Amino acid sequence: MGALATLLAVMVWGASFAAAGGPTSVLVTSPQSGEAGALYSSEKEYRQLERLLGPAGSGSRDKPPEADLVHTRQINVTWMAHDISPWRLDRVFPVTGKNAVWIHTAANVPDSLNGYWHRAEQPARLRALLGKLGVMGKASDQGYTGIFPVPWEWETATPETAAPDTTTPDADTGQKVQVTASAAGGDGTGWWWAIPGAAAGAVLALVLRPL
């Protein structure tokens with residue numbers, strides 16, 4: 001019964017994860033020229049753009065001093081899950097008159113716009129792909145410069161997201177002491193078994209009831 005319950009829990013959990021899906025499309029816009037393009041995950045240019053922009057989470061938190069972006073256009077690359085939920089934002093800066101392309105990547109959108117600066121390893125190919133997507137045109141009178149990445153900010157806990165109070169008054173001294181994870185209701189990782197566990201229990205009840 002224990003093995004069956006575990007198997008059913010894994011099956012239910014896996015099915016839920018598969019149904020959730022993942023990144024499906026990307027929107028590329030040029031605020032300055034008022035142009036936009038899009039790619040679906042089934043297109044080869046989607047993976048090409050992903051490779052040219054580089055991985056998230058690497059680089060410098062602060063804009064490198066050699067990255068002079070005062071008069072550089074900004075290209076926004078917004079990665080979507082289910083075509084509706086943004087999860088990553090790359091702000092691309094093809095430096096005018098130079099071969100360099102600087103990129104600011106935030107991979108925890110919309111919870112945070114904190115990101116890392118890095119330089120494109122293949123700037124010429126990246127520029128060519130952006131041109132192919134139609135976002136490298138001349139500035140438009142209806143356009144704007146874009147929203148420049150702000151300096152790194154540390155997230156602070158709000159009353160709604162702050163950790164629960166796991167202290168309790170000591171019986172002898174009256175002072176609050178920290179409660180262990182088990183006494184406080186777990187180690188903080190057991191809650192996610194609730195959904196598949198409940199589903200497995202319901203299935204077991206139906207299967208074993210005739211027996």
# chains A, B, ... in the order shown; residues from 1 in each chain; ligands from 1
>>> closest_atom_pairs(of="stretch 52-141 of chain A", to="stretch 30-40 of chain A", cutoff="12 Å", atoms="only C-alpha atoms", output="JSON lines")
{"residue": "A:His71", "atom": "CA", "partner": "A:Gln32", "partner_atom": "CA", "distance": 11.2}
{"residue": "A:Thr72", "atom": "CA", "partner": "A:Gln32", "partner_atom": "CA", "distance": 10.0}
{"residue": "A:Arg73", "atom": "CA", "partner": "A:Gln32", "partner_atom": "CA", "distance": 6.7}
{"residue": "A:Gln74", "atom": "CA", "partner": "A:Ser30", "partner_atom": "CA", "distance": 6.5}
{"residue": "A:Ile75", "atom": "CA", "partner": "A:Ser30", "partner_atom": "CA", "distance": 4.9}
{"residue": "A:Asn76", "atom": "CA", "partner": "A:Ser30", "partner_atom": "CA", "distance": 6.4}
{"residue": "A:Val77", "atom": "CA", "partner": "A:Ser30", "partner_atom": "CA", "distance": 9.1}
{"residue": "A:Thr78", "atom": "CA", "partner": "A:Ala38", "partner_atom": "CA", "distance": 9.5}
{"residue": "A:Trp79", "atom": "CA", "partner": "A:Leu39", "partner_atom": "CA", "distance": 9.7}
{"residue": "A:Met80", "atom": "CA", "partner": "A:Tyr40", "partner_atom": "CA", "distance": 9.7}
{"residue": "A:Ala81", "atom": "CA", "partner": "A:Tyr40", "partner_atom": "CA", "distance": 10.8}
{"residue": "A:His82", "atom": "CA", "partner": "A:Tyr40", "partner_atom": "CA", "distance": 10.7}
{"residue": "A:Asp83", "atom": "CA", "partner": "A:Tyr40", "partner_atom": "CA", "distance": 9.0}
{"residue": "A:Arg91", "atom": "CA", "partner": "A:Ser30", "partner_atom": "CA", "distance": 10.1}
{"residue": "A:Val92", "atom": "CA", "partner": "A:Ser30", "partner_atom": "CA", "distance": 9.8}
{"residue": "A:Phe93", "atom": "CA", "partner": "A:Ser30", "partner_atom": "CA", "distance": 10.6}
{"residue": "A:Pro94", "atom": "CA", "partner": "A:Ser30", "partner_atom": "CA", "distance": 11.6}
{"residue": "A:Leu129", "atom": "CA", "partner": "A:Gly37", "partner_atom": "CA", "distance": 11.0}
{"residue": "A:Leu130", "atom": "CA", "partner": "A:Gly37", "partner_atom": "CA", "distance": 8.9}
{"residue": "A:Gly131", "atom": "CA", "partner": "A:Gly37", "partner_atom": "CA", "distance": 10.1}
{"residue": "A:Lys132", "atom": "CA", "partner": "A:Gly37", "partner_atom": "CA", "distance": 9.2}
{"residue": "A:Leu133", "atom": "CA", "partner": "A:Gly37", "partner_atom": "CA", "distance": 5.5}
{"residue": "A:Gly134", "atom": "CA", "partner": "A:Gly37", "partner_atom": "CA", "distance": 6.5}
{"residue": "A:Val135", "atom": "CA", "partner": "A:Glu35", "partner_atom": "CA", "distance": 5.2}
{"residue": "A:Met136", "atom": "CA", "partner": "A:Ser30", "partner_atom": "CA", "distance": 7.3}
{"residue": "A:Gly137", "atom": "CA", "partner": "A:Ser33", "partner_atom": "CA", "distance": 5.9}
{"residue": "A:Lys138", "atom": "CA", "partner": "A:Ser33", "partner_atom": "CA", "distance": 5.7}
{"residue": "A:Ala139", "atom": "CA", "partner": "A:Ser33", "partner_atom": "CA", "distance": 4.2}
{"residue": "A:Ser140", "atom": "CA", "partner": "A:Ser33", "partner_atom": "CA", "distance": 4.7}
{"residue": "A:Asp141", "atom": "CA", "partner": "A:Ser33", "partner_atom": "CA", "distance": 8.1}
>>> residues_around(residues="A:Asn114", least_positions_apart="5", cutoff="9 Å", atoms="only C-alpha atoms", output="PyMOL selection string")
chain A and resi 61+105-109+149-154
>>> write_last_selection(atoms="N, CA and C atoms", output="compact mmCIF listing (two decimals), in the first residue's frame")
# COMPACT_ATOMS: atom_id res chain seq x y z
N ARG A 61 26.02 42.84 -11.36
CA ARG A 61 24.79 43.48 -10.88
C ARG A 61 24.72 44.95 -11.28
N THR A 105 19.64 41.18 -18.02
CA THR A 105 18.70 40.07 -17.95
C THR A 105 18.10 39.95 -16.55
N ALA A 106 16.78 40.01 -16.47
CA ALA A 106 16.04 39.78 -15.23
C ALA A 106 15.22 38.51 -15.43
N ALA A 107 15.48 37.48 -14.63
CA ALA A 107 14.86 36.17 -14.85
C ALA A 107 13.83 35.81 -13.79
N ASN A 108 13.41 36.77 -12.98
CA ASN A 108 12.39 36.49 -11.97
C ASN A 108 11.19 37.42 -12.12
N VAL A 109 10.89 37.77 -13.36
CA VAL A 109 9.74 38.62 -13.66
C VAL A 109 8.47 37.80 -13.43
N PRO A 149 17.12 49.89 -17.06
CA PRO A 149 17.19 49.08 -15.83
C PRO A 149 17.64 49.91 -14.64
N VAL A 150 16.94 49.76 -13.53
CA VAL A 150 17.30 50.48 -12.31
C VAL A 150 18.39 49.71 -11.58
N PRO A 151 19.12 50.37 -10.68
CA PRO A 151 20.14 49.65 -9.90
C PRO A 151 19.52 48.51 -9.10
N TRP A 152 20.36 47.54 -8.80
CA TRP A 152 19.93 46.35 -8.06
C TRP A 152 19.29 46.75 -6.74
N GLU A 153 18.15 46.15 -6.44
CA GLU A 153 17.46 46.41 -5.18
C GLU A 153 17.21 45.09 -4.47
N TRP A 154 17.44 45.10 -3.15
CA TRP A 154 17.17 43.91 -2.36
C TRP A 154 15.69 43.88 -2.01
>>> atom_distance(atom1="atom CA of A:Arg119", atom2="atom CA of A:Phe148")
16.3 Å
>>> atom_distance(atom1="atom CA of A:Gln122", atom2="atom CA of A:Gly22")
26.7 Å
>>> select_by_dssp(residues="stretch 36-160 of chain A", states="helix (DSSP H, G or I)", output="PDB file with all heavy atoms, in the first residue's frame")
ATOM      1  N   LYS A  44      13.084  27.940 -35.144  1.00  0.00           N
ATOM      2  CA  LYS A  44      14.515  27.813 -34.883  1.00  0.00           C
ATOM      3  C   LYS A  44      15.111  29.126 -34.375  1.00  0.00           C
ATOM      4  O   LYS A  44      16.076  29.132 -33.606  1.00  0.00           O
ATOM      5  CB  LYS A  44      15.247  27.351 -36.140  1.00  0.00           C
ATOM      6  CG  LYS A  44      15.210  28.333 -37.301  1.00  0.00           C
ATOM      7  CD  LYS A  44      16.023  27.816 -38.484  1.00  0.00           C
ATOM      8  CE  LYS A  44      16.029  28.819 -39.627  1.00  0.00           C
ATOM      9  NZ  LYS A  44      16.839  28.330 -40.792  1.00  0.00           N
ATOM     10  N   GLU A  45      14.523  30.266 -34.802  1.00  0.00           N
ATOM     11  CA  GLU A  45      15.032  31.561 -34.345  1.00  0.00           C
ATOM     12  C   GLU A  45      14.801  31.770 -32.854  1.00  0.00           C
ATOM     13  O   GLU A  45      15.516  32.550 -32.216  1.00  0.00           O
ATOM     14  CB  GLU A  45      14.379  32.695 -35.134  1.00  0.00           C
ATOM     15  CG  GLU A  45      14.817  32.811 -36.581  1.00  0.00           C
ATOM     16  CD  GLU A  45      14.027  31.883 -37.486  1.00  0.00           C
ATOM     17  OE1 GLU A  45      13.156  31.153 -36.975  1.00  0.00           O
ATOM     18  OE2 GLU A  45      14.270  31.905 -38.719  1.00  0.00           O
ATOM     19  N   TYR A  46      13.812  31.083 -32.307  1.00  0.00           N
ATOM     20  CA  TYR A  46      13.537  31.189 -30.863  1.00  0.00           C
ATOM     21  C   TYR A  46      14.753  30.689 -30.076  1.00  0.00           C
ATOM     22  O   TYR A  46      15.245  31.364 -29.163  1.00  0.00           O
ATOM     23  CB  TYR A  46      12.292  30.359 -30.534  1.00  0.00           C
ATOM     24  CG  TYR A  46      11.880  30.361 -29.074  1.00  0.00           C
ATOM     25  CD1 TYR A  46      10.905  31.240 -28.607  1.00  0.00           C
ATOM     26  CD2 TYR A  46      12.450  29.469 -28.163  1.00  0.00           C
ATOM     27  CE1 TYR A  46      10.515  31.220 -27.269  1.00  0.00           C
ATOM     28  CE2 TYR A  46      12.070  29.454 -26.834  1.00  0.00           C
ATOM     29  CZ  TYR A  46      11.100  30.328 -26.396  1.00  0.00           C
ATOM     30  OH  TYR A  46      10.713  30.311 -25.070  1.00  0.00           O
ATOM     31  N   ARG A  47      15.236  29.490 -30.414  1.00  0.00           N
ATOM     32  CA  ARG A  47      16.413  28.939 -29.732  1.00  0.00           C
ATOM     33  C   ARG A  47      17.666  29.744 -30.053  1.00  0.00           C
ATOM     34  O   ARG A  47      18.547  29.905 -29.201  1.00  0.00           O
ATOM     35  CB  ARG A  47      16.597  27.480 -30.151  1.00  0.00           C
ATOM     36  CG  ARG A  47      15.422  26.582 -29.778  1.00  0.00           C
ATOM     37  CD  ARG A  47      15.159  26.589 -28.296  1.00  0.00           C
ATOM     38  NE  ARG A  47      13.980  25.820 -27.939  1.00  0.00           N
ATOM     39  CZ  ARG A  47      13.418  25.817 -26.735  1.00  0.00           C
ATOM     40  NH1 ARG A  47      13.943  26.563 -25.762  1.00  0.00           N
ATOM     41  NH2 ARG A  47      12.339  25.105 -26.510  1.00  0.00           N
ATOM     42  N   GLN A  48      17.734  30.252 -31.259  1.00  0.00           N
ATOM     43  CA  GLN A  48      18.896  31.058 -31.645  1.00  0.00           C
ATOM     44  C   GLN A  48      18.960  32.326 -30.811  1.00  0.00           C
ATOM     45  O   GLN A  48      20.030  32.707 -30.312  1.00  0.00           O
ATOM     46  CB  GLN A  48      18.812  31.397 -33.126  1.00  0.00           C
ATOM     47  CG  GLN A  48      20.015  32.178 -33.641  1.00  0.00           C
ATOM     48  CD  GLN A  48      19.894  32.545 -35.119  1.00  0.00           C
ATOM     49  OE1 GLN A  48      18.883  32.265 -35.751  1.00  0.00           O
ATOM     50  NE2 GLN A  48      20.923  33.178 -35.650  1.00  0.00           N
ATOM     51  N   LEU A  49      17.827  32.989 -30.646  1.00  0.00           N
ATOM     52  CA  LEU A  49      17.785  34.200 -29.830  1.00  0.00           C
ATOM     53  C   LEU A  49      18.149  33.885 -28.383  1.00  0.00           C
ATOM     54  O   LEU A  49      18.884  34.642 -27.736  1.00  0.00           O
ATOM     55  CB  LEU A  49      16.390  34.822 -29.904  1.00  0.00           C
ATOM     56  CG  LEU A  49      16.161  36.092 -29.084  1.00  0.00           C
ATOM     57  CD1 LEU A  49      17.085  37.211 -29.565  1.00  0.00           C
ATOM     58  CD2 LEU A  49      14.705  36.537 -29.172  1.00  0.00           C
ATOM     59  N   GLU A  50      17.664  32.769 -27.891  1.00  0.00           N
ATOM     60  CA  GLU A  50      17.962  32.359 -26.516  1.00  0.00           C
ATOM     61  C   GLU A  50      19.460  32.156 -26.328  1.00  0.00           C
ATOM     62  O   GLU A  50      20.035  32.579 -25.311  1.00  0.00           O
ATOM     63  CB  GLU A  50      17.195  31.065 -26.211  1.00  0.00           C
ATOM     64  CG  GLU A  50      17.252  30.630 -24.768  1.00  0.00           C
ATOM     65  CD  GLU A  50      16.407  29.391 -24.514  1.00  0.00           C
ATOM     66  OE1 GLU A  50      16.270  28.566 -25.435  1.00  0.00           O
ATOM     67  OE2 GLU A  50      15.890  29.251 -23.394  1.00  0.00           O
ATOM     68  N   ARG A  51      20.100  31.530 -27.276  1.00  0.00           N
ATOM     69  CA  ARG A  51      21.542  31.288 -27.178  1.00  0.00           C
ATOM     70  C   ARG A  51      22.334  32.586 -27.288  1.00  0.00           C
ATOM     71  O   ARG A  51      23.304  32.804 -26.546  1.00  0.00           O
ATOM     72  CB  ARG A  51      21.987  30.312 -28.265  1.00  0.00           C
ATOM     73  CG  ARG A  51      21.524  28.882 -28.068  1.00  0.00           C
ATOM     74  CD  ARG A  51      22.272  27.944 -29.009  1.00  0.00           C
ATOM     75  NE  ARG A  51      22.060  28.291 -30.407  1.00  0.00           N
ATOM     76  CZ  ARG A  51      21.088  27.795 -31.160  1.00  0.00           C
ATOM     77  NH1 ARG A  51      20.211  26.959 -30.646  1.00  0.00           N
ATOM     78  NH2 ARG A  51      20.986  28.138 -32.433  1.00  0.00           N
ATOM     79  N   LEU A  52      21.931  33.464 -28.195  1.00  0.00           N
ATOM     80  CA  LEU A  52      22.684  34.698 -28.411  1.00  0.00           C
ATOM     81  C   LEU A  52      22.579  35.653 -27.224  1.00  0.00           C
ATOM     82  O   LEU A  52      23.510  36.425 -26.957  1.00  0.00           O
ATOM     83  CB  LEU A  52      22.192  35.385 -29.685  1.00  0.00           C
ATOM     84  CG  LEU A  52      22.526  34.671 -30.999  1.00  0.00           C
ATOM     85  CD1 LEU A  52      21.870  35.378 -32.175  1.00  0.00           C
ATOM     86  CD2 LEU A  52      24.045  34.603 -31.197  1.00  0.00           C
ATOM     87  N   LEU A  53      21.451  35.626 -26.516  1.00  0.00           N
ATOM     88  CA  LEU A  53      21.305  36.491 -25.343  1.00  0.00           C
ATOM     89  C   LEU A  53      22.054  35.948 -24.130  1.00  0.00           C
ATOM     90  O   LEU A  53      22.363  36.692 -23.207  1.00  0.00           O
ATOM     91  CB  LEU A  53      19.821  36.663 -25.003  1.00  0.00           C
ATOM     92  CG  LEU A  53      19.003  37.487 -26.003  1.00  0.00           C
ATOM     93  CD1 LEU A  53      17.540  37.541 -25.584  1.00  0.00           C
ATOM     94  CD2 LEU A  53      19.561  38.897 -26.128  1.00  0.00           C
ATOM     95  N   PRO A 123      27.921  39.601 -30.936  1.00  0.00           N
ATOM     96  CA  PRO A 123      27.098  40.793 -31.174  1.00  0.00           C
ATOM     97  C   PRO A 123      26.617  40.932 -32.617  1.00  0.00           C
ATOM     98  O   PRO A 123      25.496  41.375 -32.862  1.00  0.00           O
ATOM     99  CB  PRO A 123      28.025  41.943 -30.775  1.00  0.00           C
ATOM    100  CG  PRO A 123      29.410  41.381 -30.885  1.00  0.00           C
ATOM    101  CD  PRO A 123      29.289  39.952 -30.518  1.00  0.00           C
ATOM    102  N   ALA A 124      27.454  40.565 -33.588  1.00  0.00           N
ATOM    103  CA  ALA A 124      27.062  40.705 -34.991  1.00  0.00           C
ATOM    104  C   ALA A 124      25.881  39.807 -35.326  1.00  0.00           C
ATOM    105  O   ALA A 124      24.925  40.229 -36.002  1.00  0.00           O
ATOM    106  CB  ALA A 124      28.254  40.380 -35.900  1.00  0.00           C
ATOM    107  N   ARG A 125      25.899  38.577 -34.846  1.00  0.00           N
ATOM    108  CA  ARG A 125      24.796  37.652 -35.108  1.00  0.00           C
ATOM    109  C   ARG A 125      23.531  38.087 -34.390  1.00  0.00           C
ATOM    110  O   ARG A 125      22.426  37.947 -34.917  1.00  0.00           O
ATOM    111  CB  ARG A 125      25.183  36.232 -34.678  1.00  0.00           C
ATOM    112  CG  ARG A 125      26.307  35.616 -35.495  1.00  0.00           C
ATOM    113  CD  ARG A 125      26.511  34.159 -35.124  1.00  0.00           C
ATOM    114  NE  ARG A 125      25.309  33.377 -35.404  1.00  0.00           N
ATOM    115  CZ  ARG A 125      25.179  32.094 -35.068  1.00  0.00           C
ATOM    116  NH1 ARG A 125      26.155  31.472 -34.420  1.00  0.00           N
ATOM    117  NH2 ARG A 125      24.073  31.445 -35.364  1.00  0.00           N
ATOM    118  N   LEU A 126      23.688  38.648 -33.194  1.00  0.00           N
ATOM    119  CA  LEU A 126      22.530  39.131 -32.454  1.00  0.00           C
ATOM    120  C   LEU A 126      21.895  40.323 -33.165  1.00  0.00           C
ATOM    121  O   LEU A 126      20.665  40.402 -33.304  1.00  0.00           O
ATOM    122  CB  LEU A 126      22.941  39.507 -31.023  1.00  0.00           C
ATOM    123  CG  LEU A 126      21.821  40.047 -30.119  1.00  0.00           C
ATOM    124  CD1 LEU A 126      20.658  39.083 -30.054  1.00  0.00           C
ATOM    125  CD2 LEU A 126      22.363  40.328 -28.719  1.00  0.00           C
ATOM    126  N   ARG A 127      22.709  41.239 -33.643  1.00  0.00           N
ATOM    127  CA  ARG A 127      22.194  42.389 -34.395  1.00  0.00           C
ATOM    128  C   ARG A 127      21.463  41.923 -35.661  1.00  0.00           C
ATOM    129  O   ARG A 127      20.393  42.430 -36.003  1.00  0.00           O
ATOM    130  CB  ARG A 127      23.339  43.322 -34.786  1.00  0.00           C
ATOM    131  CG  ARG A 127      23.920  44.156 -33.652  1.00  0.00           C
ATOM    132  CD  ARG A 127      25.141  44.918 -34.152  1.00  0.00           C
ATOM    133  NE  ARG A 127      25.798  45.672 -33.112  1.00  0.00           N
ATOM    134  CZ  ARG A 127      25.553  46.956 -32.845  1.00  0.00           C
ATOM    135  NH1 ARG A 127      24.643  47.617 -33.547  1.00  0.00           N
ATOM    136  NH2 ARG A 127      26.210  47.586 -31.882  1.00  0.00           N
ATOM    137  N   ALA A 128      22.041  40.934 -36.331  1.00  0.00           N
ATOM    138  CA  ALA A 128      21.427  40.432 -37.559  1.00  0.00           C
ATOM    139  C   ALA A 128      20.066  39.801 -37.273  1.00  0.00           C
ATOM    140  O   ALA A 128      19.100  40.008 -38.033  1.00  0.00           O
ATOM    141  CB  ALA A 128      22.356  39.422 -38.222  1.00  0.00           C
ATOM    142  N   LEU A 129      19.961  39.060 -36.182  1.00  0.00           N
ATOM    143  CA  LEU A 129      18.683  38.432 -35.839  1.00  0.00           C
ATOM    144  C   LEU A 129      17.639  39.475 -35.454  1.00  0.00           C
ATOM    145  O   LEU A 129      16.479  39.375 -35.862  1.00  0.00           O
ATOM    146  CB  LEU A 129      18.887  37.436 -34.695  1.00  0.00           C
ATOM    147  CG  LEU A 129      17.628  36.689 -34.229  1.00  0.00           C
ATOM    148  CD1 LEU A 129      16.946  35.975 -35.388  1.00  0.00           C
ATOM    149  CD2 LEU A 129      17.972  35.712 -33.110  1.00  0.00           C
ATOM    150  N   LEU A 130      18.053  40.494 -34.721  1.00  0.00           N
ATOM    151  CA  LEU A 130      17.121  41.563 -34.359  1.00  0.00           C
ATOM    152  C   LEU A 130      16.653  42.308 -35.608  1.00  0.00           C
ATOM    153  O   LEU A 130      15.486  42.702 -35.708  1.00  0.00           O
ATOM    154  CB  LEU A 130      17.786  42.532 -33.379  1.00  0.00           C
ATOM    155  CG  LEU A 130      18.129  41.960 -31.991  1.00  0.00           C
ATOM    156  CD1 LEU A 130      18.893  42.995 -31.165  1.00  0.00           C
ATOM    157  CD2 LEU A 130      16.861  41.522 -31.260  1.00  0.00           C
ATOM    158  N   GLY A 131      17.560  42.477 -36.564  1.00  0.00           N
ATOM    159  CA  GLY A 131      17.175  43.101 -37.820  1.00  0.00           C
ATOM    160  C   GLY A 131      16.185  42.237 -38.577  1.00  0.00           C
ATOM    161  O   GLY A 131      15.235  42.749 -39.195  1.00  0.00           O
ATOM    162  N   LYS A 132      16.391  40.932 -38.553  1.00  0.00           N
ATOM    163  CA  LYS A 132      15.480  40.000 -39.216  1.00  0.00           C
ATOM    164  C   LYS A 132      14.091  40.037 -38.588  1.00  0.00           C
ATOM    165  O   LYS A 132      13.076  39.861 -39.274  1.00  0.00           O
ATOM    166  CB  LYS A 132      16.059  38.584 -39.149  1.00  0.00           C
ATOM    167  CG  LYS A 132      15.240  37.546 -39.887  1.00  0.00           C
ATOM    168  CD  LYS A 132      15.913  36.179 -39.803  1.00  0.00           C
ATOM    169  CE  LYS A 132      15.087  35.117 -40.535  1.00  0.00           C
ATOM    170  NZ  LYS A 132      15.735  33.780 -40.457  1.00  0.00           N
TER     171      LYS A 132
END
>>> decode(residues="stretch 118-131 of chain A", atoms="N, CA, C and O atoms", output="mmCIF file, in the first residue's frame")
data_model
loop_
_atom_site.group_PDB
_atom_site.id
_atom_site.type_symbol
_atom_site.label_atom_id
_atom_site.label_comp_id
_atom_site.auth_asym_id
_atom_site.auth_seq_id
_atom_site.Cartn_x
_atom_site.Cartn_y
_atom_site.Cartn_z
ATOM 1 N N HIS A 118 25.662 41.810 -18.869
ATOM 2 C CA HIS A 118 26.751 41.109 -19.525
ATOM 3 C C HIS A 118 26.813 41.532 -20.986
ATOM 4 O O HIS A 118 25.876 42.121 -21.520
ATOM 5 N N ARG A 119 27.911 41.224 -21.613
ATOM 6 C CA ARG A 119 28.146 41.612 -23.000
ATOM 7 C C ARG A 119 27.898 40.413 -23.912
ATOM 8 O O ARG A 119 28.318 39.289 -23.601
ATOM 9 N N ALA A 120 27.197 40.627 -25.016
ATOM 10 C CA ALA A 120 26.906 39.553 -25.954
ATOM 11 C C ALA A 120 28.191 38.992 -26.531
ATOM 12 O O ALA A 120 29.095 39.742 -26.928
ATOM 13 N N GLU A 121 28.301 37.669 -26.576
ATOM 14 C CA GLU A 121 29.502 37.032 -27.101
ATOM 15 C C GLU A 121 29.549 37.074 -28.627
ATOM 16 O O GLU A 121 30.628 37.035 -29.218
ATOM 17 N N GLN A 122 28.378 37.141 -29.252
ATOM 18 C CA GLN A 122 28.306 37.198 -30.718
ATOM 19 C C GLN A 122 27.423 38.384 -31.125
ATOM 20 O O GLN A 122 26.291 38.211 -31.582
ATOM 21 N N PRO A 123 27.921 39.601 -30.936
ATOM 22 C CA PRO A 123 27.098 40.793 -31.174
ATOM 23 C C PRO A 123 26.617 40.932 -32.617
ATOM 24 O O PRO A 123 25.496 41.375 -32.862
ATOM 25 N N ALA A 124 27.454 40.565 -33.588
ATOM 26 C CA ALA A 124 27.062 40.705 -34.991
ATOM 27 C C ALA A 124 25.881 39.807 -35.326
ATOM 28 O O ALA A 124 24.925 40.229 -36.002
ATOM 29 N N ARG A 125 25.899 38.577 -34.846
ATOM 30 C CA ARG A 125 24.796 37.652 -35.108
ATOM 31 C C ARG A 125 23.531 38.087 -34.390
ATOM 32 O O ARG A 125 22.426 37.947 -34.917
ATOM 33 N N LEU A 126 23.688 38.648 -33.194
ATOM 34 C CA LEU A 126 22.530 39.131 -32.454
ATOM 35 C C LEU A 126 21.895 40.323 -33.165
ATOM 36 O O LEU A 126 20.665 40.402 -33.304
ATOM 37 N N ARG A 127 22.709 41.239 -33.643
ATOM 38 C CA ARG A 127 22.194 42.389 -34.395
ATOM 39 C C ARG A 127 21.463 41.923 -35.661
ATOM 40 O O ARG A 127 20.393 42.430 -36.003
ATOM 41 N N ALA A 128 22.041 40.934 -36.331
ATOM 42 C CA ALA A 128 21.427 40.432 -37.559
ATOM 43 C C ALA A 128 20.066 39.801 -37.273
ATOM 44 O O ALA A 128 19.100 40.008 -38.033
ATOM 45 N N LEU A 129 19.961 39.060 -36.182
ATOM 46 C CA LEU A 129 18.683 38.432 -35.839
ATOM 47 C C LEU A 129 17.639 39.475 -35.454
ATOM 48 O O LEU A 129 16.479 39.375 -35.862
ATOM 49 N N LEU A 130 18.053 40.494 -34.721
ATOM 50 C CA LEU A 130 17.121 41.563 -34.359
ATOM 51 C C LEU A 130 16.653 42.308 -35.608
ATOM 52 O O LEU A 130 15.486 42.702 -35.708
ATOM 53 N N GLY A 131 17.560 42.477 -36.564
ATOM 54 C CA GLY A 131 17.175 43.101 -37.820
ATOM 55 C C GLY A 131 16.185 42.237 -38.577
ATOM 56 O O GLY A 131 15.235 42.749 -39.195
#
